[in-house]
file protein24.cif (mmCIF, C-alpha atoms)
data_model
loop_
_atom_site.label_atom_id
_atom_site.label_comp_id
_atom_site.auth_asym_id
_atom_site.auth_seq_id
_atom_site.Cartn_x
_atom_site.Cartn_y
_atom_site.Cartn_z
CA MET Q 1 50.32 6.40 21.86
CA ASP Q 2 51.96 5.76 18.54
CA HIS Q 3 50.87 3.13 16.11
CA HIS Q 4 53.65 0.73 17.03
CA ASP Q 5 52.76 0.79 20.71
CA HIS Q 6 49.12 0.30 19.94
CA HIS Q 7 49.39 -3.11 18.42
CA HIS Q 8 52.38 -4.11 20.46
CA HIS Q 9 50.43 -4.49 23.71
CA ASP Q 10 47.82 -6.80 22.25
CA ASP Q 11 50.04 -9.62 21.19
CA ASP Q 12 53.79 -9.38 21.54
CA ASP Q 13 54.58 -12.39 19.45
CA HIS Q 14 52.07 -12.33 16.66
CA HIS Q 15 54.84 -12.14 14.08
CA HIS Q 16 55.81 -15.64 15.12
CA HIS Q 17 53.93 -18.86 14.71
CA ASP Q 18 51.31 -19.12 17.46
CA ASN Q 19 50.76 -22.74 18.36
CA ARG Q 20 48.74 -22.13 21.51
CA TYR Q 21 45.52 -22.68 19.58
CA SER Q 22 46.55 -25.58 17.37
CA ASP Q 23 44.63 -28.00 19.61
CA MET Q 24 41.49 -26.23 20.79
CA GLN Q 25 40.26 -29.21 22.80
CA ALA Q 26 43.45 -29.20 24.88
CA ARG Q 27 43.62 -25.42 25.17
CA VAL Q 28 40.01 -24.97 26.33
CA LYS Q 29 40.23 -27.96 28.67
CA ALA Q 30 43.31 -26.39 30.27
CA LEU Q 31 41.45 -23.11 30.60
CA GLU Q 32 38.56 -24.94 32.30
CA THR Q 33 40.95 -26.62 34.73
CA VAL Q 34 42.70 -23.37 35.67
CA LEU Q 35 39.42 -21.50 36.23
CA THR Q 36 37.89 -24.39 38.19
CA GLU Q 37 40.97 -24.66 40.44
CA LYS Q 38 40.60 -20.95 41.14
CA GLY Q 39 36.93 -21.32 42.04
CA LEU Q 40 35.96 -18.95 39.23
CA ILE Q 41 33.71 -21.28 37.27
CA ASP Q 42 31.27 -24.01 38.21
CA PRO Q 43 31.31 -27.00 35.81
CA ALA Q 44 27.65 -27.62 36.65
CA ALA Q 45 26.82 -24.09 35.47
CA ILE Q 46 28.56 -24.79 32.18
CA ASP Q 47 26.49 -27.96 31.77
CA ALA Q 48 23.33 -25.97 32.50
CA ILE Q 49 24.23 -23.34 29.89
CA VAL Q 50 24.97 -25.97 27.25
CA GLU Q 51 21.78 -27.86 28.03
CA THR Q 52 19.76 -24.65 27.73
CA TYR Q 53 20.94 -24.05 24.16
CA GLU Q 54 20.84 -27.71 23.17
CA THR Q 55 17.33 -28.42 24.38
CA LYS Q 56 15.39 -25.30 25.45
CA VAL Q 57 16.34 -22.22 23.47
CA GLY Q 58 16.40 -22.72 19.72
CA PRO Q 59 14.60 -21.91 16.48
CA ARG Q 60 11.41 -23.69 17.59
CA ASN Q 61 10.86 -20.65 19.83
CA GLY Q 62 10.94 -18.29 16.87
CA ALA Q 63 8.76 -20.62 14.82
CA ARG Q 64 6.06 -20.38 17.50
CA VAL Q 65 6.26 -16.59 17.34
CA VAL Q 66 5.87 -16.62 13.55
CA ALA Q 67 3.02 -19.16 13.60
CA LYS Q 68 1.13 -17.05 16.12
CA ALA Q 69 1.69 -13.93 14.03
CA TRP Q 70 0.28 -15.76 11.00
CA SER Q 71 -2.76 -16.94 12.95
CA ASP Q 72 -3.58 -13.97 15.10
CA PRO Q 73 -3.69 -10.48 13.52
CA ASP Q 74 -3.70 -8.80 16.93
CA PHE Q 75 -0.53 -10.62 17.88
CA ALA Q 76 1.04 -9.74 14.52
CA ASP Q 77 0.21 -6.10 15.15
CA TRP Q 78 1.74 -6.27 18.64
CA LEU Q 79 4.83 -7.98 17.22
CA ARG Q 80 5.19 -5.16 14.70
CA ARG Q 81 4.88 -2.45 17.36
CA ASP Q 82 6.69 -4.03 20.32
CA ALA Q 83 8.39 -7.27 19.39
CA THR Q 84 10.20 -7.61 22.72
CA ALA Q 85 6.93 -7.61 24.68
CA ALA Q 86 4.99 -9.72 22.19
CA ILE Q 87 7.73 -12.36 22.15
CA ALA Q 88 8.06 -12.26 25.94
CA SER Q 89 4.33 -13.05 26.20
CA LEU Q 90 5.17 -16.49 24.79
CA GLY Q 91 7.89 -16.95 27.40
CA PHE Q 92 10.90 -16.16 25.25
CA THR Q 93 13.14 -13.57 26.89
CA GLY Q 94 16.68 -12.93 27.89
CA ARG Q 95 20.19 -13.07 26.60
CA GLN Q 96 20.51 -11.69 23.06
CA GLY Q 97 16.78 -11.14 22.89
CA GLU Q 98 16.55 -8.14 25.20
CA HIS Q 99 15.66 -5.70 22.41
CA MET Q 100 13.78 -7.44 19.63
CA ARG Q 101 12.42 -6.14 16.35
CA ALA Q 102 10.31 -8.18 13.95
CA VAL Q 103 10.45 -7.43 10.22
CA PHE Q 104 7.78 -8.81 7.93
CA ASN Q 105 8.34 -10.11 4.43
CA THR Q 106 5.80 -9.00 1.83
CA PRO Q 107 5.35 -9.77 -1.86
CA GLU Q 108 7.26 -6.51 -2.51
CA THR Q 109 10.09 -6.77 0.04
CA HIS Q 110 12.30 -9.56 1.32
CA ASN Q 111 14.25 -9.03 4.55
CA LEU Q 112 17.68 -10.45 5.32
CA VAL Q 113 19.54 -10.14 8.64
CA VAL Q 114 23.31 -10.06 9.14
CA CYS Q 115 25.87 -8.81 11.61
CA THR Q 116 28.84 -7.65 9.57
CA LEU Q 117 30.84 -6.68 12.69
CA CYS Q 118 30.55 -9.82 14.81
CA SER Q 119 27.85 -12.44 15.26
CA CYS Q 120 24.85 -10.59 16.73
CA TYR Q 121 21.87 -12.92 16.53
CA PRO Q 122 18.53 -13.21 18.35
CA TRP Q 123 19.41 -16.08 20.69
CA ALA Q 124 16.14 -15.93 22.63
CA VAL Q 125 14.11 -16.90 19.56
CA LEU Q 126 16.65 -18.70 17.33
CA GLY Q 127 19.18 -20.17 19.76
CA LEU Q 128 22.87 -20.11 18.90
CA PRO Q 129 23.80 -18.97 15.40
CA PRO Q 130 24.90 -21.49 12.78
CA VAL Q 131 28.57 -21.47 11.73
CA TRP Q 132 27.87 -19.84 8.36
CA TYR Q 133 26.15 -16.86 10.01
CA LYS Q 134 29.34 -16.08 11.96
CA ALA Q 135 31.78 -16.76 9.11
CA PRO Q 136 33.38 -14.16 6.79
CA ALA Q 137 31.68 -15.34 3.57
CA TYR Q 138 28.19 -14.50 4.81
CA ARG Q 139 29.12 -11.42 6.84
CA SER Q 140 31.04 -9.86 3.95
CA ARG Q 141 28.61 -10.58 1.13
CA ALA Q 142 25.13 -10.27 2.66
CA VAL Q 143 25.30 -6.47 2.45
CA ILE Q 144 26.71 -6.18 -1.08
CA ASP Q 145 25.45 -9.28 -2.90
CA PRO Q 146 22.39 -10.57 -1.09
CA ARG Q 147 20.95 -12.21 -4.20
CA GLY Q 148 24.17 -14.15 -4.70
CA VAL Q 149 24.05 -15.25 -1.08
CA LEU Q 150 20.39 -16.24 -1.34
CA ALA Q 151 21.14 -18.34 -4.43
CA GLU Q 152 23.61 -20.34 -2.34
CA PHE Q 153 20.70 -21.14 -0.03
CA GLY Q 154 18.56 -22.17 -2.99
CA VAL Q 155 16.42 -19.03 -2.80
CA THR Q 156 15.68 -17.11 -6.01
CA LEU Q 157 13.44 -14.06 -5.76
CA PRO Q 158 11.76 -12.18 -8.60
CA ASP Q 159 14.04 -9.54 -10.13
CA ASP Q 160 11.82 -6.71 -8.93
CA THR Q 161 11.52 -7.86 -5.32
CA LYS Q 162 13.15 -5.29 -3.08
CA ILE Q 163 15.79 -6.68 -0.77
CA ARG Q 164 16.26 -5.07 2.60
CA VAL Q 165 19.35 -6.05 4.53
CA TRP Q 166 19.41 -5.33 8.27
CA ASP Q 167 22.94 -5.05 9.65
CA SER Q 168 22.68 -5.62 13.43
CA THR Q 169 25.22 -2.99 14.42
CA ALA Q 170 23.70 -2.04 17.80
CA GLU Q 171 21.80 -4.04 20.44
CA LEU Q 172 18.59 -4.55 18.47
CA ARG Q 173 18.07 -8.12 17.32
CA TYR Q 174 15.98 -8.89 14.27
CA LEU Q 175 13.51 -11.69 13.57
CA VAL Q 176 12.24 -12.06 10.01
CA VAL Q 177 8.58 -13.04 9.75
CA PRO Q 178 8.38 -14.92 6.45
CA MET Q 179 5.27 -14.86 4.29
CA ARG Q 180 2.67 -17.48 5.14
CA PRO Q 181 2.67 -20.17 2.45
CA ASP Q 182 -0.39 -20.76 0.30
CA GLY Q 183 -2.67 -23.65 1.13
CA THR Q 184 -2.21 -23.36 4.89
CA GLN Q 185 -5.56 -21.82 5.87
CA ASP Q 186 -6.69 -24.99 7.66
CA LEU Q 187 -3.53 -25.50 9.71
CA ASP Q 188 -3.35 -24.74 13.42
CA GLU Q 189 -0.45 -22.88 15.05
CA GLU Q 190 1.45 -26.05 15.83
CA ALA Q 191 1.28 -27.29 12.24
CA LEU Q 192 2.17 -23.82 10.96
CA ALA Q 193 5.23 -23.68 13.21
CA ASP Q 194 6.57 -26.81 11.49
CA LEU Q 195 6.76 -24.79 8.25
CA VAL Q 196 8.97 -22.10 9.78
CA THR Q 197 12.66 -22.87 9.38
CA ARG Q 198 15.51 -21.13 11.13
CA ASN Q 199 16.77 -19.79 7.82
CA ALA Q 200 13.34 -18.36 6.99
CA MET Q 201 13.61 -16.30 10.20
CA ILE Q 202 17.08 -14.99 9.20
CA GLY Q 203 15.93 -14.31 5.65
CA THR Q 204 18.15 -16.90 3.95
CA GLY Q 205 15.13 -19.13 3.43
CA LEU Q 206 11.40 -19.03 2.87
CA ALA Q 207 8.72 -20.79 4.89
CA LEU Q 208 8.09 -24.33 3.69
CA ALA Q 209 4.99 -25.28 1.75
CA PRO Q 210 3.01 -28.06 3.49
CA GLU Q 211 3.91 -30.55 0.74
CA GLN Q 212 7.64 -29.96 1.41
CA LEU Q 213 7.20 -31.55 4.84
CA ARG Q 214 5.81 -34.82 3.51
CA MET R 58 38.99 0.20 14.84
CA ASN R 59 39.40 -0.89 11.27
CA GLY R 60 39.91 -4.51 12.28
CA PRO R 61 39.42 -7.85 10.58
CA HIS R 62 35.92 -8.11 12.06
CA ASP R 63 34.54 -5.26 9.91
CA LEU R 64 33.70 -7.49 6.98
CA GLY R 65 30.84 -5.81 5.09
CA GLY R 66 31.69 -5.62 1.39
CA GLN R 67 35.03 -7.44 1.59
CA MET R 68 35.58 -10.05 -1.10
CA GLY R 69 37.33 -13.34 -1.64
CA PHE R 70 35.86 -15.55 1.08
CA GLY R 71 34.09 -17.84 -1.35
CA PRO R 72 30.56 -19.25 -1.13
CA VAL R 73 28.59 -19.33 2.11
CA ALA R 74 28.31 -23.13 2.06
CA PRO R 75 25.57 -23.71 4.65
CA GLU R 76 25.80 -27.09 6.37
CA GLN R 77 22.77 -29.37 6.17
CA ASN R 78 21.32 -30.43 9.55
CA GLU R 79 24.02 -28.56 11.38
CA PRO R 80 24.48 -29.65 15.01
CA VAL R 81 24.35 -27.01 17.77
CA PHE R 82 27.99 -27.83 18.61
CA HIS R 83 30.66 -29.40 16.42
CA ALA R 84 33.02 -30.51 19.21
CA GLU R 85 33.08 -30.87 22.98
CA TRP R 86 35.41 -27.90 23.32
CA GLU R 87 32.80 -25.64 21.68
CA LYS R 88 30.40 -26.45 24.53
CA LEU R 89 33.10 -25.52 27.02
CA ALA R 90 33.94 -22.38 25.06
CA LEU R 91 30.32 -21.20 25.28
CA GLY R 92 29.91 -22.14 28.94
CA ILE R 93 33.23 -20.68 30.07
CA THR R 94 32.73 -17.47 28.11
CA LEU R 95 29.28 -16.86 29.60
CA SER R 96 30.46 -17.87 33.08
CA CYS R 97 33.38 -15.44 32.94
CA GLY R 98 31.09 -12.70 31.64
CA ALA R 99 29.19 -13.07 34.93
CA PHE R 100 32.30 -11.94 36.86
CA GLY R 101 31.14 -8.41 36.15
CA ALA R 102 34.71 -7.38 35.33
CA TRP R 103 34.14 -6.37 31.71
CA THR R 104 31.25 -5.46 29.43
CA LEU R 105 30.06 -7.16 26.28
CA ASP R 106 31.45 -4.15 24.41
CA GLU R 107 34.89 -4.72 25.89
CA SER R 108 34.75 -8.38 24.88
CA ARG R 109 33.76 -7.43 21.33
CA HIS R 110 36.76 -5.12 21.19
CA ALA R 111 39.03 -7.89 22.47
CA ARG R 112 37.77 -10.10 19.62
CA GLU R 113 38.33 -7.49 16.93
CA ASN R 114 41.87 -6.91 18.27
CA ILE R 115 42.91 -10.41 17.24
CA PRO R 116 45.44 -9.91 14.41
CA PRO R 117 43.73 -10.21 11.01
CA ALA R 118 45.53 -13.34 9.79
CA GLN R 119 44.52 -15.16 12.97
CA TYR R 120 40.99 -13.76 13.16
CA LEU R 121 40.13 -14.71 9.59
CA GLY R 122 41.59 -18.19 10.00
CA ALA R 123 39.75 -18.96 13.23
CA SER R 124 36.33 -20.44 13.93
CA TYR R 125 34.06 -18.16 15.92
CA TYR R 126 34.43 -20.11 19.17
CA GLU R 127 38.21 -19.90 18.72
CA ILE R 128 37.81 -16.13 18.36
CA TRP R 129 35.84 -16.15 21.61
CA ILE R 130 38.52 -18.12 23.45
CA ARG R 131 41.42 -16.01 22.19
CA ALA R 132 39.60 -12.86 23.29
CA LEU R 133 38.55 -14.39 26.61
CA GLU R 134 42.17 -15.19 27.42
CA THR R 135 43.07 -11.56 26.75
CA LEU R 136 40.30 -10.41 29.11
CA LEU R 137 41.20 -12.92 31.83
CA GLU R 138 44.80 -11.75 31.75
CA ARG R 139 43.92 -8.05 31.57
CA HIS R 140 41.63 -8.29 34.60
CA GLY R 141 43.86 -10.56 36.68
CA PHE R 142 41.88 -13.79 36.60
CA ALA R 143 44.21 -16.12 34.67
CA SER R 144 47.43 -15.79 32.69
CA ASP R 145 48.66 -17.32 29.48
CA GLU R 146 51.37 -18.99 31.54
CA GLU R 147 48.75 -20.72 33.70
CA ILE R 148 46.65 -21.86 30.76
CA SER R 149 49.75 -23.20 29.00
CA ALA R 150 50.75 -24.99 32.22
CA GLY R 151 47.19 -26.27 32.67
CA HIS R 152 46.93 -25.38 36.33
CA LYS R 153 46.65 -22.51 38.78
CA LEU R 154 49.89 -20.66 39.54
CA GLN R 155 48.61 -17.61 41.42
CA GLU R 156 45.55 -16.29 43.19
CA PRO R 157 43.05 -14.57 40.90
CA ALA R 158 41.39 -11.20 41.22
CA LYS R 159 38.06 -11.34 43.04
CA PRO R 160 35.05 -11.45 40.73
CA LYS R 161 31.78 -9.70 41.63
CA ARG R 162 30.06 -13.08 41.28
CA VAL R 163 30.71 -16.66 40.29
CA LEU R 164 27.98 -18.19 38.16
CA THR R 165 26.62 -21.35 39.76
CA ALA R 166 24.22 -23.82 38.16
CA ASP R 167 21.24 -22.57 40.16
CA MET R 168 21.79 -19.05 38.81
CA VAL R 169 21.91 -20.06 35.15
CA PRO R 170 18.18 -20.07 34.28
CA GLY R 171 17.63 -16.63 35.82
CA VAL R 172 20.75 -15.08 34.32
CA LEU R 173 19.97 -16.34 30.81
CA ALA R 174 16.29 -15.37 31.07
CA ARG R 175 17.15 -11.83 32.22
CA GLY R 176 19.99 -11.22 29.79
CA GLY R 177 21.61 -7.81 29.89
CA PRO R 178 19.29 -5.07 28.71
CA CYS R 179 21.26 -2.02 27.60
CA ASP R 180 18.53 0.53 27.02
CA ARG R 181 19.06 3.53 29.29
CA PRO R 182 17.12 6.76 29.67
CA VAL R 183 18.64 10.02 28.43
CA ASP R 184 17.68 13.59 29.30
CA THR R 185 17.68 14.92 25.77
CA GLU R 186 15.10 14.65 23.03
CA PRO R 187 16.12 12.71 19.92
CA ARG R 188 17.96 15.03 17.53
CA PHE R 189 16.54 13.30 14.46
CA ALA R 190 13.05 12.21 13.47
CA VAL R 191 11.71 9.53 11.17
CA GLY R 192 12.16 10.68 7.57
CA ASP R 193 15.14 12.94 8.26
CA ARG R 194 18.03 12.69 5.82
CA VAL R 195 21.30 12.13 7.64
CA ARG R 196 24.92 11.51 6.76
CA THR R 197 27.15 9.21 8.74
CA ARG R 198 30.44 10.69 9.90
CA ASN R 199 33.78 9.68 8.53
CA PHE R 200 36.14 8.61 11.29
CA ASN R 201 38.71 5.90 11.80
CA PRO R 202 39.30 5.46 15.52
CA VAL R 203 41.83 2.91 16.78
CA THR R 204 39.25 2.22 19.50
CA HIS R 205 35.93 0.33 19.35
CA THR R 206 33.17 1.55 17.10
CA ARG R 207 29.98 0.05 15.74
CA LEU R 208 29.86 2.16 12.60
CA PRO R 209 31.03 -0.20 9.84
CA ARG R 210 33.53 1.12 7.29
CA TYR R 211 31.14 0.57 4.39
CA ALA R 212 28.59 2.89 6.02
CA ARG R 213 30.85 5.86 6.80
CA GLU R 214 30.20 9.20 5.10
CA LYS R 215 27.03 7.87 3.47
CA THR R 216 23.67 9.59 3.18
CA GLY R 217 20.56 7.77 4.26
CA VAL R 218 17.15 8.24 5.85
CA VAL R 219 16.12 7.76 9.47
CA GLU R 220 13.54 5.00 9.42
CA ALA R 221 13.03 4.49 13.15
CA VAL R 222 14.01 6.02 16.46
CA GLN R 223 14.75 2.88 18.42
CA GLY R 224 15.32 4.28 21.89
CA SER R 225 18.37 5.24 23.90
CA PHE R 226 21.12 2.74 24.57
CA VAL R 227 24.54 2.36 26.17
CA PHE R 228 27.12 3.85 23.79
CA ALA R 229 29.33 0.93 22.83
CA ASP R 230 32.24 3.08 21.64
CA ASP R 231 32.72 4.50 25.16
CA ASN R 232 31.59 1.52 27.18
CA ALA R 233 34.11 -0.82 25.53
CA HIS R 234 36.92 1.21 27.07
CA GLY R 235 35.57 1.75 30.57
CA HIS R 236 34.56 5.34 29.80
CA GLY R 237 31.03 4.85 31.08
CA GLU R 238 27.73 3.95 29.50
CA ASN R 239 27.00 7.47 28.17
CA PRO R 240 23.71 6.44 26.55
CA GLN R 241 22.59 8.01 23.27
CA TRP R 242 19.61 7.75 20.98
CA VAL R 243 19.88 4.96 18.42
CA TYR R 244 18.32 5.22 14.97
CA THR R 245 17.75 2.75 12.18
CA VAL R 246 19.21 4.48 9.12
CA VAL R 247 18.52 3.03 5.69
CA PHE R 248 20.73 3.55 2.63
CA ASP R 249 20.15 2.80 -1.02
CA GLY R 250 22.47 0.11 -2.32
CA GLY R 251 23.84 2.59 -4.87
CA GLU R 252 24.80 5.11 -2.17
CA ILE R 253 26.98 2.49 -0.52
CA TRP R 254 28.28 0.40 -3.40
CA GLY R 255 28.13 2.82 -6.30
CA GLU R 256 28.29 1.60 -9.89
CA GLY R 257 26.81 -1.81 -10.47
CA ALA R 258 24.97 -1.95 -7.14
CA ASP R 259 21.84 -4.09 -7.00
CA PRO R 260 19.06 -1.54 -7.75
CA THR R 261 16.62 -3.44 -5.51
CA LEU R 262 18.95 -3.32 -2.48
CA THR R 263 18.62 -1.18 0.63
CA VAL R 264 20.80 -1.69 3.69
CA SER R 265 20.18 -0.41 7.18
CA ILE R 266 22.40 0.00 10.20
CA ASP R 267 21.51 0.90 13.76
CA ALA R 268 23.44 4.08 14.45
CA TRP R 269 24.09 5.97 17.66
CA GLU R 270 23.23 9.66 17.42
CA SER R 271 26.84 10.84 17.48
CA TYR R 272 27.53 8.86 14.29
CA LEU R 273 25.10 11.08 12.38
CA GLU R 274 24.99 14.58 10.93
CA ARG R 275 21.99 16.35 9.46
CA VAL R 276 22.03 16.73 5.69
#
call {"tool": "encode", "arguments": {"input": "protein24.cif", "output": "structure tokens"}}
result
Amino acid sequence: MDHHDHHHHDDDDHHHHDNRYSDMQARVKALETVLTEKGLIDPAAIDAIVETYETKVGPRNGARVVAKAWSDPDFADWLRRDATAAIASLGFTGRQGEHMRAVFNTPETHNLVVCTLCSCYPWAVLGLPPVWYKAPAYRSRAVIDPRGVLAEFGVTLPDDTKIRVWDSTAELRYLVVPMRPDGTQDLDEEALADLVTRNAMIGTGLALAPEQLR
Amino acid sequence: MNGPHDLGGQMGFGPVAPEQNEPVFHAEWEKLALGITLSCGAFGAWTLDESRHARENIPPAQYLGASYYEIWIRALETLLERHGFASDEEISAGHKLQEPAKPKRVLTADMVPGVLARGGPCDRPVDTEPRFAVGDRVRTRNFNPVTHTRLPRYAREKTGVVEAVQGSFVFADDNAHGHGENPQWVYTVVFDGGEIWGEGADPTLTVSIDAWESYLERV
């Protein structure tokens, strides 16, 4: 197959203006109608999927994992060795969480997760990814200029902190366990979970100090 | 393929600009895009690897100008047409014009909790022992296939260290094209920032990828 043939079959008219996607609401609605008429999709299933990611599967799941790891050294050890099983023990399993790894921030090393090739993200513990995680600015720069990216999130690390970027190029999905903030020794797991933001579990943030919640 | 999706190290996209209190969805069509994409995935007609390849085949000017859900929809339409479920003509007309291919299953509401909770594990046993061990120095191969690969351009022909043997997994590069799962060992390989980015690289930076065994050569 020569080069011309290769791109020819994908989109015959991509040299011309493509207005099929100028109104996504109309285009996707039409797609839904066609597939429903053919009996290929069930609108109630779509509602159930949307409801799952709006109300059940989101970053509060991951925050519970982190809070337990902070509170329970045995759990933290399990999370380090077999994150998939440790996370499943809290009831968080499934799509885009099948093969989990947890990476722990330390005073020496800060971890940052990206998928430069698409939008791989640990849905089972963080829900659906935010727009910025899937967009070219983050995907292009996280691997070459992580400190510049972190600054845009308001995070400045000491100059000698090592930065480890994890590019999710296979089917492993990464959860960052941020460092436990000072002054939290009296908090229970539920109160600790409130300090764990989504961004802290991607590495573009740090856990909140208790006074930041007030 | 060296498509628009392979973004590591590219420049000119501006600041990340995170949105404060971002909603899960920004429009009703995004909800439909998610639900339809997952529902059609349940047909069993294509793999996640094939859908990734359909996304990266979107021409660069369109890919880089599209939101991620738009990327999903453009790729989904390609897959629906390729596998005989719906044509561009039908979607443009907004109604069914011909009978579709028969899917292995149609996702109904009662199936959703189980399907999402199970996901699609892609670890598979292999007969061979891992070729590399933790601590081994390895070099990634230099190749530029027109087909799917999960070895980013920035990490080709670079020397790094095996940090973990992660298990054996479906080989995306084959599976995306219907050539079988052909599982291989997958390793986390870590590179110094300077090995990848050369002069001026952040001296505190290390970057890892998860690499299938056939991407790697012993140093």
call {"tool": "closest_atom_pairs", "arguments": {"input": "protein24.cif", "of": "chain R", "to": "chain Q", "cutoff": "6 Å", "atoms": "only C-alpha atoms", "output": "CSV"}}
result
residue,atom,partner,partner_atom,distance
R:His62,CA,Q:Leu117,CA,5.3
R:Asp63,CA,Q:Leu117,CA,4.8
R:Leu64,CA,Q:Ser140,CA,4.7
R:Gly65,CA,Q:Ser140,CA,4.2
R:Gly66,CA,Q:Ser140,CA,5.0
R:Gln67,CA,Q:Ser140,CA,5.2
R:Phe70,CA,Q:Ala137,CA,4.9
R:Val73,CA,Q:Ala137,CA,5.3
R:Pro75,CA,Q:Trp132,CA,5.8
R:Trp86,CA,Q:Gln25,CA,5.1
R:Gly92,CA,Q:Ile46,CA,4.4
R:Ile148,CA,Q:Leu31,CA,5.4
R:Gly151,CA,Q:Ala30,CA,4.6
R:His152,CA,Q:Val34,CA,4.7
R:Lys153,CA,Q:Val34,CA,5.1
R:Val163,CA,Q:Leu40,CA,5.8
R:Thr165,CA,Q:Ala45,CA,5.1
R:Ala166,CA,Q:Ala45,CA,3.8
R:Leu173,CA,Q:Arg95,CA,5.3
R:Ala174,CA,Q:Gly94,CA,4.0
R:Arg175,CA,Q:Gly94,CA,4.5
R:Gly176,CA,Q:Arg95,CA,3.7
R:Pro178,CA,Q:Glu98,CA,5.4
R:Arg207,CA,Q:Thr169,CA,5.8
R:Thr261,CA,Q:Lys162,CA,4.6
R:Leu262,CA,Q:Ile163,CA,4.9
R:Thr263,CA,Q:Arg164,CA,5.0
R:Val264,CA,Q:Val165,CA,4.7
R:Ser265,CA,Q:Trp166,CA,5.1
R:Ile266,CA,Q:Asp167,CA,5.1
R:Asp267,CA,Q:Thr169,CA,5.4
call {"tool": "atom_distance", "arguments": {"input": "protein24.cif", "atom1": "CA of Met100 (chain Q)", "atom2": "CA of Ile87 (chain Q)"}}
result
8.2 Å
call {"tool": "resolve_selection", "arguments": {"input": "protein24.cif", "expression": "the PyMOL selection byres ((chain Q and resi 89) around 12)", "output": "list of chain:residue names"}}
result
Q:Asn61, Q:Arg64, Q:Val65, Q:Lys68, Q:Phe75, Q:Trp78, Q:Leu79, Q:Asp82, Q:Ala83, Q:Thr84, Q:Ala85, Q:Ala86, Q:Ile87, Q:Ala88, Q:Leu90, Q:Gly91, Q:Phe92, Q:Thr93
call {"tool": "atom_distance", "arguments": {"input": "protein24.cif", "atom1": "CA of Arg173 (chain Q)", "atom2": "CA of Cys120 (chain Q)"}}
result
7.2 Å
call {"tool": "atom_distance", "arguments": {"input": "protein24.cif", "atom1": "CA of Asp188 (chain Q)", "atom2": "CA of Ala67 (chain Q)"}}
result
8.5 Å
call {"tool": "resolve_selection", "arguments": {"input": "protein24.cif", "expression": "the PyMOL selection byres ((chain R and resi 217) around 12)", "output": "ChimeraX atom specification"}}
result
/R:191-198,212-216,218-220,244-253,263-268,273-276
call {"tool": "closest_residue", "arguments": {"input": "protein24.cif", "among": "R:Glu270, R:Glu113, R:Glu256, R:Glu79", "to": "Phe228 (chain R)", "atoms": "only C-alpha atoms"}}
result
R:Glu270
call {"tool": "residues_around", "arguments": {"input": "protein24.cif", "residues": "Arg112 (chain R)", "least_positions_apart": "4", "cutoff": "7 Å", "atoms": "all atoms listed in the file", "output": "VMD selection string"}}
result
chain R and resid 108 128 to 129 132
call {"tool": "write_last_selection", "arguments": {"input": "protein24.cif", "atoms": "C-alpha atoms", "output": "compact mmCIF listing (two decimals), keeping the file's coordinate frame"}}
result
# COMPACT_ATOMS: atom_id res chain seq x y z
CA SER R 108 34.75 -8.38 24.88
CA ILE R 128 37.81 -16.13 18.36
CA TRP R 129 35.84 -16.15 21.61
CA ALA R 132 39.60 -12.86 23.29
call {"tool": "residues_around", "arguments": {"input": "protein24.cif", "residues": "Arg181 (chain R)", "least_positions_apart": "6", "cutoff": "8 Å", "atoms": "only C-alpha atoms", "output": "JSON, numbers by chain"}}
result
{"R": [225, 226, 227, 240]}
